[in-house]
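Visitor: What follows is a single structure, and I will ask about it in a moment.
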Amino acid sequence: MNNIIMVVDDTKVLANLYCNFLKKSGYGSVAAYSSRECLTLLEEIVPDLILLDIVMEPVDGWETLLKIREDERFLDTAVIMMTAKSIVPGDIISYGTLIDGYVMKPVKPIELIDLIDIADRKKKESSGLRTSAEKSGVEKREIDLFMRNLKEYGVILELRDMIFKIHFPLEDSGEYDEEFLAGMAQVDNMINERRSAINAFKSIYSDIE
């Protein structure tokens, strides 16, 4: 296995625990204990996957994510956010299109393997779809847009499901404030927009699988 996994967490004990487990499991791994250290290391390496903690000081994971995505080298690098903090609609609206997943802490070391396997599977599926589209003569611009919509649709839908499991145990929606419900409506719009774009692409290029 040649995958390089970067673990970014300001809790050094946890970051080291994850990295040591990954190394024993055959993966290349590197730990960063702050946003600054993460960005410095990324000047030298391009990991296959970044596991990024959200609650860090002084620069949190969300701001770090934005800085990572500013670099064209990391536009397609898988980034999975880790946190003990429950996800809210605003997180999806602001960052849902920039991440590849969101996992709640505590994360058992063995669960990291599942995260890596899922990321690898998605990467292979995307590569297969892109190859199929290219062979069908679809323009690169259209392929790029389709692949982006497909990825964002899957991630946002997954995050929305997480919110339902965490925040919607109640039958009476009146117990949720207007801002929360408005945010959920906006998330639903994001999902519907991407679903429509995906279906439109597939209706034109029905032979792509």
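Starting from 1 in every chain, residues are counted up; chains themselves are A, B, ... following the order of the structure tokens, and ligands are numbered from 1 as listed.
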Can you pull out every residue within 7 Å of Cys19 (chain A), counting only C-alpha atoms, but drop anything in the same chain fewer than 4 positions away, and send it as an mmCIF file with N, CA and C atoms, in the first residue's frame?
Guide:
data_model
loop_
_atom_site.group_PDB
_atom_site.id
_atom_site.type_symbol
_atom_site.label_atom_id
_atom_site.label_comp_id
_atom_site.auth_asym_id
_atom_site.auth_seq_id
_atom_site.Cartn_x
_atom_site.Cartn_y
_atom_site.Cartn_z
ATOM 1 N N VAL A 7 -2.668 13.114 9.147
ATOM 2 C CA VAL A 7 -3.575 13.296 10.273
ATOM 3 C C VAL A 7 -3.281 14.648 10.905
ATOM 4 N N ALA A 15 -3.220 12.172 17.481
ATOM 5 C CA ALA A 15 -2.621 12.181 16.146
ATOM 6 C C ALA A 15 -1.553 11.097 16.028
ATOM 7 N N LYS A 23 0.671 3.204 10.164
ATOM 8 C CA LYS A 23 1.963 2.669 9.737
ATOM 9 C C LYS A 23 2.016 1.160 9.928
ATOM 10 N N SER A 29 2.105 7.492 6.735
ATOM 11 C CA SER A 29 1.325 8.457 7.509
ATOM 12 C C SER A 29 2.222 9.559 8.040
ATOM 13 N N VAL A 30 1.630 10.727 8.197
ATOM 14 C CA VAL A 30 2.352 11.869 8.742
ATOM 15 C C VAL A 30 1.402 12.659 9.621
ATOM 16 N N ALA A 31 1.895 13.127 10.758
ATOM 17 C CA ALA A 31 1.067 13.869 11.704
ATOM 18 C C ALA A 31 1.401 15.352 11.660
#
Visitor: Set the distance at 12 Å and use only C-alpha atoms: which residues neighbour region 57-61 of chain A once local chain neighbours fewer than 3 positions away are removed? I'd like the list as a PyMOL selection string.
Guide: chain A and resi 7-11+32-39+50-54+64-68+79-83+91+95+99+102
Visitor: For Tyr205 (chain A), which residue among A:Tyr27, A:Phe74, A:Trp62, A:Phe146 is the nearest when counting only C-alpha atoms?
Guide: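 Closest candidate: A:Phe146.
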Visitor: Do you know which residues are at most 10 Å from Ser127 (chain A) counting only C-alpha atoms, after dropping those on the same chain fewer than 6 positions away, and could you put them as a list in words?
Guide: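 Here the answer would be Arg121, Ala133 and Met147 of chain A.
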Visitor: Next, dump the selected residues to file, keeping only C-alpha atoms, as an mmCIF file, in the first residue's frame.
Guide:
data_model
loop_
_atom_site.group_PDB
_atom_site.id
_atom_site.type_symbol
_atom_site.label_atom_id
_atom_site.label_comp_id
_atom_site.auth_asym_id
_atom_site.auth_seq_id
_atom_site.Cartn_x
_atom_site.Cartn_y
_atom_site.Cartn_z
ATOM 1 C CA ARG A 121 -13.398 3.090 -3.649
ATOM 2 C CA ALA A 133 -17.109 9.650 -20.443
ATOM 3 C CA MET A 147 -17.874 14.699 -11.647
#
Visitor: Considering only C-alpha atoms, return as a list in words whatever protein or nucleic-acid residues lie within 12 Å of Pro109 (chain A), sequence-local ones (same chain, fewer than 6 positions apart) excluded.
Guide: Val7, Leu14, Ala15, Asn16, Leu17, Tyr18, Cys19, Asn20, Phe21, Leu22, Lys23, Lys24, Ser25, Leu115 and Ile116 of chain A
Visitor: Can those selected residues be exported to a file as an mmCIF file, in the first residue's frame so that it contains C-alpha atoms?
Guide:
data_model
loop_
_atom_site.group_PDB
_atom_site.id
_atom_site.type_symbol
_atom_site.label_atom_id
_atom_site.label_comp_id
_atom_site.auth_asym_id
_atom_site.auth_seq_id
_atom_site.Cartn_x
_atom_site.Cartn_y
_atom_site.Cartn_z
ATOM 1 C CA VAL A 7 -3.575 13.296 10.273
ATOM 2 C CA LEU A 14 -4.422 11.164 19.338
ATOM 3 C CA ALA A 15 -2.621 12.181 16.146
ATOM 4 C CA ASN A 16 0.330 9.952 17.042
ATOM 5 C CA LEU A 17 -1.980 7.057 17.929
ATOM 6 C CA TYR A 18 -3.653 7.245 14.522
ATOM 7 C CA CYS A 19 -0.386 7.589 12.619
ATOM 8 C CA ASN A 20 1.273 4.682 14.428
ATOM 9 C CA PHE A 21 -1.738 2.470 13.750
ATOM 10 C CA LEU A 22 -1.749 3.417 10.066
ATOM 11 C CA LYS A 23 1.963 2.669 9.737
ATOM 12 C CA LYS A 24 1.473 -0.758 11.309
ATOM 13 C CA SER A 25 -1.365 -1.317 8.831
ATOM 14 C CA LEU A 115 -12.496 5.574 5.938
ATOM 15 C CA ILE A 116 -9.477 4.934 3.738
#
Visitor: When distances are computed from only C-alpha atoms, which of A:Ala119, A:Leu41, A:Leu157, A:Val138 shows the smallest separation from Asp188 (chain A)?
Guide: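 Checking each candidate against Asp188 (chain A), we get A:Leu157 as the closest.
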Visitor: Let me make sure I understand: among A:Ala182, A:Thr77, A:Ile198, A:Ile92, which one has the smallest atom-to-atom distance to Asp120 (chain A) if we use only C-alpha atoms?
Guide: A:Thr77
Visitor: Could you tell me how far CA of Lys124 (chain A) sits from CA of Arg148 (chain A), in Å to one decimal place?
Guide: 14.8 Å
Visitor: From the DSSP assignment of the backbone, select every residue of region 31-99 of chain A that is helix (DSSP H, G or I), and format the answer as a VMD selection string.
Guide: chain A and resid 35 to 41 61 to 70 72 to 74 89 to 95
Visitor: Please indicate the distance in Å from CA of Asp76 (chain A) to CA of Met190 (chain A), rounded to one decimal place.
Guide: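 Rounded to one decimal, the two atoms are 20.3 Å apart.
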Visitor: Among region 37-154 of chain A, which residues carry a DSSP assignment of strand (DSSP E), reported as a list in words?
Guide: Leu49, Ile50, Leu51, Leu52, Asp53, Ala78, Val79, Ile80, Met81, Met82, Thr83, Gly101, Tyr102, Val103 and Met104 of chain A
Visitor: Quick one: residues within 12 Å of Glu125 (chain A), only C-alpha atoms counted, chain neighbours fewer than 6 positions away excluded, as a ChimeraX atom specification?
Guide: /A:118-119,131-132,147,150-151,209
Visitor: Keeping only N, CA and C atoms, take the residues you just selected and write them out as a PDB file, in the first residue's frame.
Guide:
ATOM      1  N   ILE A 118     -13.149   3.464   1.881  1.00  0.00           N
ATOM      2  CA  ILE A 118     -14.250   4.179   1.231  1.00  0.00           C
ATOM      3  C   ILE A 118     -13.709   5.249   0.291  1.00  0.00           C
ATOM      4  N   ALA A 119     -12.697   5.992   0.755  1.00  0.00           N
ATOM      5  CA  ALA A 119     -12.092   7.037  -0.084  1.00  0.00           C
ATOM      6  C   ALA A 119     -11.465   6.428  -1.330  1.00  0.00           C
ATOM      7  N   THR A 131     -13.186   7.930 -17.292  1.00  0.00           N
ATOM      8  CA  THR A 131     -12.660   7.209 -18.452  1.00  0.00           C
ATOM      9  C   THR A 131     -13.775   6.862 -19.431  1.00  0.00           C
ATOM     10  N   SER A 132     -14.910   6.408 -18.896  1.00  0.00           N
ATOM     11  CA  SER A 132     -16.054   6.058 -19.737  1.00  0.00           C
ATOM     12  C   SER A 132     -16.568   7.279 -20.496  1.00  0.00           C
ATOM     13  N   MET A 147     -18.574  15.359 -12.744  1.00  0.00           N
ATOM     14  CA  MET A 147     -17.874  14.699 -11.647  1.00  0.00           C
ATOM     15  C   MET A 147     -17.964  15.520 -10.367  1.00  0.00           C
ATOM     16  N   LEU A 150     -21.488  15.143  -9.005  1.00  0.00           N
ATOM     17  CA  LEU A 150     -21.685  13.799  -8.469  1.00  0.00           C
ATOM     18  C   LEU A 150     -21.055  13.667  -7.082  1.00  0.00           C
ATOM     19  N   LYS A 151     -19.847  14.177  -6.945  1.00  0.00           N
ATOM     20  CA  LYS A 151     -19.158  14.119  -5.654  1.00  0.00           C
ATOM     21  C   LYS A 151     -19.895  14.944  -4.608  1.00  0.00           C
ATOM     22  N   GLU A 209     -21.340   4.574 -17.959  1.00  0.00           N
ATOM     23  CA  GLU A 209     -21.576   3.797 -16.742  1.00  0.00           C
ATOM     24  C   GLU A 209     -20.338   3.799 -15.867  1.00  0.00           C
TER      25      GLU A 209
END
Visitor: Rounded to one decimal, what separation in Å do you get between CA of Ile45 (chain A) and CA of Ile5 (chain A)?
Guide: 10.5 Å
Visitor: So, counting only C-alpha atoms, which residue among A:Met56, A:Ala200, A:Val187, A:Leu129 is closest to Phe164 (chain A)?
Guide: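 Of A:Met56, A:Ala200, A:Val187, A:Leu129, the one nearest Phe164 (chain A), counting only C-alpha atoms, is A:Val187.
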Visitor: I need the residue nearest Ile191 (chain A) from this list: A:Ile143, A:Leu112, A:Ile163, A:Ile93. Use only C-alpha atoms for the distance.
Guide: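 The shortest atom-to-atom distance to Ile191 (chain A) comes from A:Ile93.
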Visitor: Can you pull out every residue within 10 Å of Ala197 (chain A), counting only C-alpha atoms, but drop anything in the same chain fewer than 2 positions away, and send it as a PyMOL selection string?
Guide: chain A and resi 145-146+149-150+153+192-195+199-203
